[in-house]
>>> print(open('data.cif').read())   # mmCIF, C-alpha atoms, pLDDT in the B column; chains and numbers go by the auth columns
data_start
#
loop_
_atom_site.group_PDB
_atom_site.id
_atom_site.type_symbol
_atom_site.label_atom_id
_atom_site.label_comp_id
_atom_site.label_asym_id
_atom_site.label_seq_id
_atom_site.Cartn_x
_atom_site.Cartn_y
_atom_site.Cartn_z
_atom_site.B_iso_or_equiv
_atom_site.auth_seq_id
_atom_site.auth_asym_id
ATOM 1 C CA MET A 1 108.550 120.094 110.546 95.00 1 V
ATOM 2 C CA PRO A 2 110.271 117.694 112.989 97.00 2 V
ATOM 3 C CA SER A 3 109.583 114.007 112.420 98.00 3 V
ATOM 4 C CA VAL A 4 109.159 110.937 114.616 98.00 4 V
ATOM 5 C CA ALA A 5 109.129 107.241 113.728 98.00 5 V
ATOM 6 C CA PHE A 6 107.739 104.513 115.994 98.00 6 V
ATOM 7 C CA TYR A 7 108.394 100.797 116.293 98.00 7 V
ATOM 8 C CA THR A 8 106.246 98.793 118.692 97.00 8 V
ATOM 9 C CA LEU A 9 107.000 95.277 119.908 96.00 9 V
ATOM 10 C CA GLY A 10 104.826 93.091 122.092 93.00 10 V
ATOM 11 C CA CYS A 11 101.258 93.289 123.279 90.00 11 V
ATOM 12 C CA LYS A 12 98.159 95.423 122.689 89.00 12 V
ATOM 13 C CA VAL A 13 99.030 97.510 125.759 90.00 13 V
ATOM 14 C CA ASN A 14 102.236 98.590 124.020 93.00 14 V
ATOM 15 C CA PHE A 15 100.334 99.467 120.852 91.00 15 V
ATOM 16 C CA TYR A 16 97.963 101.587 122.941 90.00 16 V
ATOM 17 C CA ASP A 17 100.901 103.288 124.679 93.00 17 V
ATOM 18 C CA THR A 18 102.609 104.074 121.360 95.00 18 V
ATOM 19 C CA GLU A 19 99.393 105.629 120.095 92.00 19 V
ATOM 20 C CA ALA A 20 99.216 107.750 123.267 92.00 20 V
ATOM 21 C CA ILE A 21 102.883 108.794 122.909 96.00 21 V
ATOM 22 C CA TRP A 22 102.207 109.765 119.275 95.00 22 V
ATOM 23 C CA GLN A 23 99.569 112.226 120.552 94.00 23 V
ATOM 24 C CA LEU A 24 102.265 113.907 122.684 95.00 24 V
ATOM 25 C CA PHE A 25 104.503 114.329 119.621 97.00 25 V
ATOM 26 C CA LYS A 26 101.586 115.412 117.423 96.00 26 V
ATOM 27 C CA ASN A 27 100.671 118.140 119.917 95.00 27 V
ATOM 28 C CA GLU A 28 104.250 119.442 119.623 96.00 28 V
ATOM 29 C CA GLY A 29 103.963 119.729 115.822 97.00 29 V
ATOM 30 C CA TYR A 30 105.751 116.513 114.864 98.00 30 V
ATOM 31 C CA GLU A 31 104.966 114.573 111.703 98.00 31 V
ATOM 32 C CA GLN A 32 104.907 110.765 111.960 97.00 32 V
ATOM 33 C CA VAL A 33 107.035 109.010 109.338 98.00 33 V
ATOM 34 C CA ASP A 34 107.559 105.361 108.430 97.00 34 V
ATOM 35 C CA PHE A 35 110.238 103.631 110.513 97.00 35 V
ATOM 36 C CA GLU A 36 111.586 101.565 107.632 95.00 36 V
ATOM 37 C CA THR A 37 111.560 103.970 104.689 92.00 37 V
ATOM 38 C CA THR A 38 112.063 107.500 106.025 93.00 38 V
ATOM 39 C CA THR A 39 114.769 109.198 108.065 96.00 39 V
ATOM 40 C CA ALA A 40 113.330 110.650 111.283 98.00 40 V
ATOM 41 C CA ASP A 41 114.544 113.233 113.814 98.00 41 V
ATOM 42 C CA VAL A 42 113.338 111.046 116.682 98.00 42 V
ATOM 43 C CA TYR A 43 112.974 107.260 116.815 98.00 43 V
ATOM 44 C CA LEU A 44 110.855 105.812 119.588 98.00 44 V
ATOM 45 C CA ILE A 45 111.070 102.068 120.158 98.00 45 V
ATOM 46 C CA ASN A 46 108.431 100.590 122.459 97.00 46 V
ATOM 47 C CA THR A 47 109.986 97.369 123.738 97.00 47 V
ATOM 48 C CA CYS A 48 108.843 94.010 125.054 95.00 48 V
ATOM 49 C CA THR A 49 110.533 91.706 127.574 93.00 49 V
ATOM 50 C CA VAL A 50 108.058 88.860 128.021 86.00 50 V
ATOM 51 C CA THR A 51 110.551 86.439 126.421 79.00 51 V
ATOM 52 C CA ASN A 52 114.277 86.455 125.581 78.00 52 V
ATOM 53 C CA THR A 53 113.122 86.888 121.994 88.00 53 V
ATOM 54 C CA GLY A 54 111.425 90.144 123.028 88.00 54 V
ATOM 55 C CA ASP A 55 114.688 91.478 124.512 93.00 55 V
ATOM 56 C CA LYS A 56 116.749 90.391 121.508 94.00 56 V
ATOM 57 C CA LYS A 57 114.289 91.770 118.935 96.00 57 V
ATOM 58 C CA SER A 58 114.096 95.034 120.895 96.00 58 V
ATOM 59 C CA ARG A 59 117.913 95.401 120.765 97.00 59 V
ATOM 60 C CA GLN A 60 117.913 94.654 117.012 97.00 60 V
ATOM 61 C CA ILE A 61 115.302 97.350 116.340 98.00 61 V
ATOM 62 C CA ILE A 62 117.153 99.891 118.528 98.00 62 V
ATOM 63 C CA ARG A 63 120.354 99.253 116.525 98.00 63 V
ATOM 64 C CA ARG A 64 118.420 99.525 113.266 97.00 64 V
ATOM 65 C CA ALA A 65 117.105 102.964 114.292 98.00 65 V
ATOM 66 C CA ILE A 66 120.626 104.127 115.205 98.00 66 V
ATOM 67 C CA ARG A 67 121.913 102.994 111.799 97.00 67 V
ATOM 68 C CA ARG A 68 119.037 104.736 109.995 96.00 68 V
ATOM 69 C CA ASN A 69 120.001 108.128 111.479 97.00 69 V
ATOM 70 C CA PRO A 70 122.874 108.339 113.972 95.00 70 V
ATOM 71 C CA ASP A 71 122.022 112.038 114.545 96.00 71 V
ATOM 72 C CA ALA A 72 118.422 111.289 115.567 97.00 72 V
ATOM 73 C CA VAL A 73 117.286 111.117 119.178 98.00 73 V
ATOM 74 C CA ILE A 74 116.867 107.415 119.960 98.00 74 V
ATOM 75 C CA ALA A 75 114.258 106.967 122.714 98.00 75 V
ATOM 76 C CA VAL A 76 113.409 103.581 124.186 98.00 76 V
ATOM 77 C CA THR A 77 110.318 102.856 126.287 98.00 77 V
ATOM 78 C CA GLY A 78 108.263 99.806 127.271 96.00 78 V
ATOM 79 C CA CYS A 79 108.807 96.744 129.427 95.00 79 V
ATOM 80 C CA TYR A 80 112.382 95.881 128.415 97.00 80 V
ATOM 81 C CA ALA A 81 113.319 99.532 129.014 97.00 81 V
ATOM 82 C CA GLN A 82 111.734 99.345 132.475 96.00 82 V
ATOM 83 C CA THR A 83 113.470 96.129 133.544 96.00 83 V
ATOM 84 C CA SER A 84 116.915 96.583 131.896 96.00 84 V
ATOM 85 C CA PRO A 85 117.686 100.301 131.414 97.00 85 V
ATOM 86 C CA ALA A 86 121.464 99.877 131.892 97.00 86 V
ATOM 87 C CA GLU A 87 121.570 97.138 129.243 96.00 87 V
ATOM 88 C CA ILE A 88 119.845 99.473 126.774 98.00 88 V
ATOM 89 C CA LEU A 89 121.956 102.533 127.643 97.00 89 V
ATOM 90 C CA ALA A 90 125.040 100.388 127.007 97.00 90 V
ATOM 91 C CA ILE A 91 124.040 100.355 123.318 98.00 91 V
ATOM 92 C CA GLU A 92 126.096 103.122 121.687 97.00 92 V
ATOM 93 C CA GLY A 93 123.709 105.715 120.277 97.00 93 V
ATOM 94 C CA VAL A 94 120.768 105.347 122.685 98.00 94 V
ATOM 95 C CA ASP A 95 119.771 108.770 124.059 98.00 95 V
ATOM 96 C CA LEU A 96 116.788 108.126 126.307 98.00 96 V
ATOM 97 C CA VAL A 97 115.409 105.195 128.282 98.00 97 V
ATOM 98 C CA ILE A 98 112.046 105.914 129.879 97.00 98 V
ATOM 99 C CA GLY A 99 110.369 102.650 130.982 92.00 99 V
ATOM 100 C CA THR A 100 106.613 102.269 131.465 94.00 100 V
ATOM 101 C CA GLN A 101 105.808 105.442 133.408 91.00 101 V
ATOM 102 C CA GLY A 102 106.551 109.171 133.382 91.00 102 V
ATOM 103 C CA ARG A 103 106.062 109.258 129.639 93.00 103 V
ATOM 104 C CA ASP A 104 104.179 112.541 129.861 92.00 104 V
ATOM 105 C CA LYS A 105 107.697 114.044 130.320 94.00 105 V
ATOM 106 C CA LEU A 106 109.021 112.387 127.146 96.00 106 V
ATOM 107 C CA LEU A 107 109.165 115.542 125.040 97.00 107 V
ATOM 108 C CA ASP A 108 110.923 117.492 127.811 97.00 108 V
ATOM 109 C CA HIS A 109 113.639 114.809 127.741 98.00 109 V
ATOM 110 C CA VAL A 110 113.824 114.908 123.916 98.00 110 V
ATOM 111 C CA ARG A 111 114.308 118.712 123.957 97.00 111 V
ATOM 112 C CA GLU A 112 116.959 118.384 126.668 97.00 112 V
ATOM 113 C CA ILE A 113 118.832 115.744 124.625 97.00 113 V
ATOM 114 C CA GLN A 114 118.595 117.817 121.427 96.00 114 V
ATOM 115 C CA ALA A 115 120.167 120.722 123.355 96.00 115 V
ATOM 116 C CA ASP A 116 123.092 118.889 124.994 95.00 116 V
ATOM 117 C CA ARG A 117 123.255 115.298 123.612 92.00 117 V
ATOM 118 C CA ARG A 118 123.712 113.634 127.009 95.00 118 V
ATOM 119 C CA PRO A 119 122.008 110.231 127.418 96.00 119 V
ATOM 120 C CA VAL A 120 119.159 110.212 129.952 96.00 120 V
ATOM 121 C CA ASN A 121 117.971 107.325 132.108 97.00 121 V
ATOM 122 C CA ALA A 122 114.442 108.365 133.136 96.00 122 V
ATOM 123 C CA VAL A 123 113.423 104.929 134.500 96.00 123 V
ATOM 124 C CA ARG A 124 112.023 105.089 138.023 91.00 124 V
ATOM 125 C CA ASN A 125 111.199 102.334 140.513 90.00 125 V
ATOM 126 C CA ILE A 126 107.939 100.907 139.173 83.00 126 V
ATOM 127 C CA MET A 127 107.081 99.389 142.577 85.00 127 V
ATOM 128 C CA LYS A 128 106.618 102.905 143.984 83.00 128 V
ATOM 129 C CA THR A 129 104.111 103.823 141.266 78.00 129 V
ATOM 130 C CA ARG A 130 100.548 103.944 142.578 77.00 130 V
ATOM 131 C CA GLU A 131 98.962 106.261 139.997 80.00 131 V
ATOM 132 C CA PHE A 132 97.509 105.112 136.674 74.00 132 V
ATOM 133 C CA GLU A 133 99.346 106.916 133.857 75.00 133 V
ATOM 134 C CA GLU A 134 96.634 108.907 132.048 76.00 134 V
ATOM 135 C CA LEU A 135 97.771 109.263 128.446 74.00 135 V
ATOM 136 C CA ASP A 136 94.996 110.347 126.132 72.00 136 V
ATOM 137 C CA VAL A 137 94.236 108.685 122.793 72.00 137 V
ATOM 138 C CA PRO A 138 91.546 110.820 121.150 69.00 138 V
ATOM 139 C CA ASP A 139 91.457 108.843 117.888 67.00 139 V
ATOM 140 C CA PHE A 140 92.775 105.679 116.262 61.00 140 V
ATOM 141 C CA ALA A 141 93.311 106.679 112.647 63.00 141 V
ATOM 142 C CA ASP A 142 94.352 103.382 111.052 66.00 142 V
ATOM 143 C CA ARG A 143 92.461 100.859 113.181 65.00 143 V
ATOM 144 C CA THR A 144 88.905 99.558 112.937 70.00 144 V
ATOM 145 C CA ARG A 145 88.845 98.850 116.687 72.00 145 V
ATOM 146 C CA ALA A 146 89.904 101.272 119.393 72.00 146 V
ATOM 147 C CA PHE A 147 91.539 100.128 122.636 74.00 147 V
ATOM 148 C CA LEU A 148 90.971 101.823 125.948 81.00 148 V
ATOM 149 C CA LYS A 149 93.477 100.943 128.632 87.00 149 V
ATOM 150 C CA ILE A 150 91.651 100.788 131.971 88.00 150 V
ATOM 151 C CA GLN A 151 94.067 98.773 134.094 91.00 151 V
ATOM 152 C CA GLU A 152 97.804 98.240 134.272 89.00 152 V
ATOM 153 C CA GLY A 153 100.141 96.027 136.270 92.00 153 V
ATOM 154 C CA CYS A 154 99.539 92.901 138.344 93.00 154 V
ATOM 155 C CA ASN A 155 99.774 91.896 142.024 95.00 155 V
ATOM 156 C CA ASN A 156 100.223 88.143 141.553 96.00 156 V
ATOM 157 C CA PHE A 157 104.031 87.786 141.138 95.00 157 V
ATOM 158 C CA CYS A 158 103.835 84.387 139.443 95.00 158 V
ATOM 159 C CA THR A 159 107.287 82.780 139.343 93.00 159 V
ATOM 160 C CA PHE A 160 107.501 82.737 135.543 89.00 160 V
ATOM 161 C CA CYS A 161 106.074 86.224 134.921 90.00 161 V
ATOM 162 C CA ILE A 162 107.852 89.571 134.603 92.00 162 V
ATOM 163 C CA ILE A 163 104.738 91.784 134.367 91.00 163 V
ATOM 164 C CA PRO A 164 104.752 93.090 137.979 92.00 164 V
ATOM 165 C CA TRP A 165 108.417 94.058 137.509 92.00 165 V
ATOM 166 C CA SER A 166 107.855 95.706 134.128 93.00 166 V
ATOM 167 C CA ARG A 167 104.383 97.247 134.606 91.00 167 V
ATOM 168 C CA GLY A 168 104.191 97.546 138.398 92.00 168 V
ATOM 169 C CA LEU A 169 101.384 96.730 140.805 94.00 169 V
ATOM 170 C CA SER A 170 97.783 96.762 139.629 93.00 170 V
ATOM 171 C CA ARG A 171 96.214 100.206 139.229 93.00 171 V
ATOM 172 C CA SER A 172 93.179 101.423 137.325 93.00 172 V
ATOM 173 C CA ARG A 173 91.940 104.380 135.342 90.00 173 V
ATOM 174 C CA ASP A 174 89.429 106.569 137.208 90.00 174 V
ATOM 175 C CA PRO A 175 85.900 105.424 136.271 88.00 175 V
ATOM 176 C CA GLU A 176 85.001 109.005 135.254 85.00 176 V
#
>>> encode(input="data.cif", output="structure tokens")
Amino acid sequence: MPSVAFYTLGCKVNFYDTEAIWQLFKNEGYEQVDFETTTADVYLINTCTVTNTGDKKSRQIIRRAIRRNPDAVIAVTGCYAQTSPAEILAIEGVDLVIGTQGRDKLLDHVREIQADRRPVNAVRNIMKTREFEELDVPDFADRTRAFLKIQEGCNNFCTFCIIPWSRGLSRSRDPE
């Protein structure tokens, strides 16, 4: 059985997204294993870029995953991936950078990488994204509270804030 290990940095939105990405892997027959104690076939790091510390910590965790299993597929998503894909791909051993959208295609990219081991930059221009990314989270196994993401992005472009650049313009889940 193929295995996947996750490491999530940053906010509750990232934790929700990781949970949603886990469902994609689970549906493909993957087993989730502990990032720190078990060797995985795929490592997915969900990054943060709200501060320089977020970027730095994200890079440290990416390198840790590469050291844990250099043969694994190393996939990087999240806000730091969205805003600095070239910086992440410059880290020797990173296979996939996917940003904060298009993650429904994640497993297609993983299969492609497992077949030919060529790094993939799947980050698209977030400013062109108008659709809310519907990733389903049917259950939260190890939490007492469930999150439901209903809105993403921001239209305010405050001088100090990177959110519009990392998450795009505001868009909402369909009320249905």
>>> axis_aligned_box(input="data.cif", around="range 28-44 of chain V", padding_each_side="3 Å", output="lines of an AutoDock Vina configuration file")
center_x = 109.4
center_y = 110.6
center_z = 112.2
size_x = 16.8
size_y = 24.2
size_z = 20.9
>>> resolve_selection(input="data.cif", expression="the PyMOL selection byres ((chain V and resi 150) around 6)", output="mmCIF file with C-alpha atoms, keeping the file's coordinate frame")
data_model
loop_
_atom_site.group_PDB
_atom_site.id
_atom_site.type_symbol
_atom_site.label_atom_id
_atom_site.label_comp_id
_atom_site.auth_asym_id
_atom_site.auth_seq_id
_atom_site.Cartn_x
_atom_site.Cartn_y
_atom_site.Cartn_z
ATOM 1 C CA LYS V 149 93.477 100.943 128.632
ATOM 2 C CA GLN V 151 94.067 98.773 134.094
ATOM 3 C CA SER V 172 93.179 101.423 137.325
ATOM 4 C CA ARG V 173 91.940 104.380 135.342
#
>>> residues_around(input="data.cif", residues="Ala20 in chain V", least_positions_apart="5", cutoff="8 Å", atoms="only C-alpha atoms", output="ChimeraX atom specification")
/V:135-137
>>> resolve_selection(input="data.cif", expression="the PyMOL selection byres ((chain V and resi 114) around 12)", output="VMD selection string")
chain V and resid 2 41 to 42 71 to 75 95 to 96 107 to 113 115 to 120
>>> atom_distance(input="data.cif", atom1="CA of Glu87 in chain V", atom2="CA of Asn121 in chain V")
11.2 Å
>>> residues_around(input="data.cif", residues="range 28-36 of chain V", least_positions_apart="3", cutoff="7 Å", atoms="only C-alpha atoms", output="PDB file with C-alpha atoms, in the coordinates of the input")
ATOM      1  CA  MET V   1     108.550 120.094 110.546  1.00 95.00           C
ATOM      2  CA  PRO V   2     110.271 117.694 112.989  1.00 97.00           C
ATOM      3  CA  SER V   3     109.583 114.007 112.420  1.00 98.00           C
ATOM      4  CA  VAL V   4     109.159 110.937 114.616  1.00 98.00           C
ATOM      5  CA  ALA V   5     109.129 107.241 113.728  1.00 98.00           C
ATOM      6  CA  PHE V   6     107.739 104.513 115.994  1.00 98.00           C
ATOM      7  CA  TYR V   7     108.394 100.797 116.293  1.00 98.00           C
ATOM      8  CA  LEU V  24     102.265 113.907 122.684  1.00 95.00           C
ATOM      9  CA  PHE V  25     104.503 114.329 119.621  1.00 97.00           C
ATOM     10  CA  ALA V  40     113.330 110.650 111.283  1.00 98.00           C
TER      11      ALA V  40
END
>>> atom_distance(input="data.cif", atom1="CA of Leu106 in chain V", atom2="CA of Thr39 in chain V")
20.2 Å
>>> atom_distance(input="data.cif", atom1="CA of Thr83 in chain V", atom2="CA of Leu148 in chain V")
24.4 Å
>>> residues_around(input="data.cif", residues="Leu9 in chain V", least_positions_apart="6", cutoff="9 Å", atoms="all atoms listed in the file", output="PyMOL selection string")
chain V and resi 15+45-48+54+57-58+78
